[in-house]
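Notes follow the structure.
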Amino acid sequence: MKSLSLTGLILLAVSALLFYLTTDFTVEQIRMPHIMGIMGGIGIGLIIGGMVGYLSKGSAIKAEQKRKEFKQLQKDKEELEKQAAEIARRKAEIQSQQNQNPQI
(Lines give C-alpha, C1' and ligand atoms only; values in the text may rest on other atoms or scores of the structure.)
Protein backbone atom coordinates (compact mmCIF):
# COMPACT_ATOMS: atom_id res chain seq x y z
CA MET A 1 0.00 0.00 0.00
CA LYS A 2 2.93 2.35 0.62
CA SER A 3 4.14 1.95 -2.95
CA LEU A 4 0.61 2.60 -4.22
CA SER A 5 0.42 5.83 -2.20
CA LEU A 6 3.84 6.88 -3.45
CA THR A 7 2.76 6.22 -7.04
CA GLY A 8 -0.40 8.24 -6.46
CA LEU A 9 1.58 11.20 -5.11
CA ILE A 10 3.99 11.09 -8.07
CA LEU A 11 1.10 10.99 -10.55
CA LEU A 12 -0.58 13.87 -8.72
CA ALA A 13 2.60 15.94 -8.96
CA VAL A 14 2.95 15.13 -12.66
CA SER A 15 -0.67 16.10 -13.31
CA ALA A 16 -0.23 19.40 -11.43
CA LEU A 17 2.90 20.13 -13.45
CA LEU A 18 1.15 19.35 -16.74
CA PHE A 19 -1.83 21.46 -15.71
CA TYR A 20 0.29 24.50 -15.04
CA LEU A 21 2.35 23.95 -18.20
CA THR A 22 -0.77 23.81 -20.39
CA THR A 23 -2.32 26.91 -18.84
CA ASP A 24 0.87 29.02 -18.94
CA PHE A 25 0.79 29.22 -15.14
CA THR A 26 -2.44 31.22 -15.13
CA VAL A 27 -5.70 30.03 -13.67
CA GLU A 28 -7.75 32.18 -16.07
CA GLN A 29 -7.03 29.80 -18.95
CA ILE A 30 -8.82 26.85 -17.34
CA ARG A 31 -11.35 25.50 -19.83
CA MET A 32 -13.76 22.62 -20.09
CA PRO A 33 -11.13 20.10 -21.35
CA HIS A 34 -9.11 20.71 -18.20
CA ILE A 35 -12.13 20.05 -15.99
CA MET A 36 -12.99 16.94 -17.98
CA GLY A 37 -9.42 15.71 -17.59
CA ILE A 38 -9.51 16.31 -13.85
CA MET A 39 -12.81 14.44 -13.51
CA GLY A 40 -11.52 11.59 -15.68
CA GLY A 41 -8.38 11.32 -13.55
CA ILE A 42 -10.42 11.22 -10.38
CA GLY A 43 -12.69 8.55 -11.86
CA ILE A 44 -9.78 6.37 -12.98
CA GLY A 45 -8.13 6.82 -9.57
CA LEU A 46 -11.29 5.75 -7.77
CA ILE A 47 -11.72 2.70 -10.00
CA ILE A 48 -8.11 1.58 -9.54
CA GLY A 49 -8.22 2.33 -5.81
CA GLY A 50 -11.42 0.34 -5.40
CA MET A 51 -10.00 -2.65 -7.24
CA VAL A 52 -6.76 -2.62 -5.23
CA GLY A 53 -8.69 -2.20 -1.97
CA TYR A 54 -11.01 -5.07 -2.83
CA LEU A 55 -8.12 -7.37 -3.72
CA SER A 56 -6.06 -6.50 -0.64
CA LYS A 57 -9.04 -6.93 1.69
CA GLY A 58 -9.86 -10.30 0.11
CA SER A 59 -6.31 -11.55 0.55
CA ALA A 60 -6.24 -10.24 4.14
CA ILE A 61 -9.46 -12.10 4.94
CA LYS A 62 -8.09 -15.32 3.44
CA ALA A 63 -4.85 -14.97 5.42
CA GLU A 64 -6.79 -14.42 8.65
CA GLN A 65 -8.94 -17.46 7.93
CA LYS A 66 -5.83 -19.59 7.38
CA ARG A 67 -4.38 -18.34 10.69
CA LYS A 68 -7.59 -19.28 12.51
CA GLU A 69 -7.62 -22.73 10.91
CA PHE A 70 -3.97 -23.27 11.86
CA LYS A 71 -4.64 -22.29 15.48
CA GLN A 72 -7.63 -24.65 15.58
CA LEU A 73 -5.51 -27.47 14.18
CA GLN A 74 -2.87 -26.80 16.83
CA LYS A 75 -5.52 -26.99 19.57
CA ASP A 76 -6.90 -30.22 18.10
CA LYS A 77 -3.39 -31.69 17.98
CA GLU A 78 -2.78 -30.81 21.63
CA GLU A 79 -6.07 -32.39 22.64
CA LEU A 80 -5.28 -35.57 20.70
CA GLU A 81 -1.82 -35.74 22.31
CA LYS A 82 -3.40 -35.39 25.75
CA GLN A 83 -5.90 -38.14 24.94
CA ALA A 84 -3.12 -40.41 23.63
CA ALA A 85 -1.10 -39.81 26.81
CA GLU A 86 -4.16 -40.59 28.94
CA ILE A 87 -4.81 -43.83 27.03
CA ALA A 88 -1.15 -44.84 27.36
CA ARG A 89 -1.26 -44.10 31.09
CA ARG A 90 -4.40 -46.22 31.52
CA LYS A 91 -2.85 -49.10 29.58
CA ALA A 92 0.23 -48.93 31.75
CA GLU A 93 -1.92 -49.02 34.89
CA ILE A 94 -3.89 -52.01 33.61
CA GLN A 95 -0.71 -53.88 32.72
CA SER A 96 0.87 -53.15 36.09
CA GLN A 97 -2.29 -54.41 37.84
CA GLN A 98 -2.29 -57.58 35.74
CA ASN A 99 1.39 -58.17 36.55
CA GLN A 100 0.74 -57.78 40.27
CA ASN A 101 -2.33 -60.07 40.30
CA PRO A 102 -1.69 -62.88 37.81
CA GLN A 103 -4.73 -65.06 37.21
CA ILE A 104 -4.29 -68.79 37.50
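Naming works like this for the C-alpha coordinates: A, B, ... for the chains as they're shown, residue 1 at the start of each chain, ligands 1 onward in shown order.
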
For segment 29-34 of chain A, list every protein, DNA or RNA residue within 12 Å, evaluated using only C-alpha atoms, and leave out those in the same chain fewer than 4 positions away; present the list as a PyMOL selection string. chain A and resi 15-16+18-25+38-41

Separation of atom CA of Gly53 of chain A from atom CA of Leu12 of chain A in Å: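 Here the two named atoms are 19.2 Å from each other.
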
Listing only residues of segment 15-72 of chain A within 12 Å of segment 5-10 of chain A, what is the closest atom pair and its distance in Å (to one decimal) for each, using only C-alpha atoms, sorted by chain and residue number ascending, as a tab-separated table?
```
residue	atom	partner	partner_atom	distance
A:Ser15	CA	A:Ile10	CA	8.6
A:Ala16	CA	A:Ile10	CA	9.9
A:Leu17	CA	A:Ile10	CA	10.6
A:Gly41	CA	A:Gly8	CA	11.1
A:Ile42	CA	A:Gly8	CA	11.2
A:Ile44	CA	A:Gly8	CA	11.6
A:Gly45	CA	A:Gly8	CA	8.5
A:Leu46	CA	A:Gly8	CA	11.2
A:Ile48	CA	A:Gly8	CA	10.7
A:Gly49	CA	A:Gly8	CA	9.8
A:Val52	CA	A:Ser5	CA	11.5
```

Can you work out the spacing between atom CA of Arg90 of chain A and atom CA of Lys71 of chain A in Å, to one decimal?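 So the two atoms, atom CA of Arg90 of chain A and atom CA of Lys71 of chain A, lie 28.8 Å apart.
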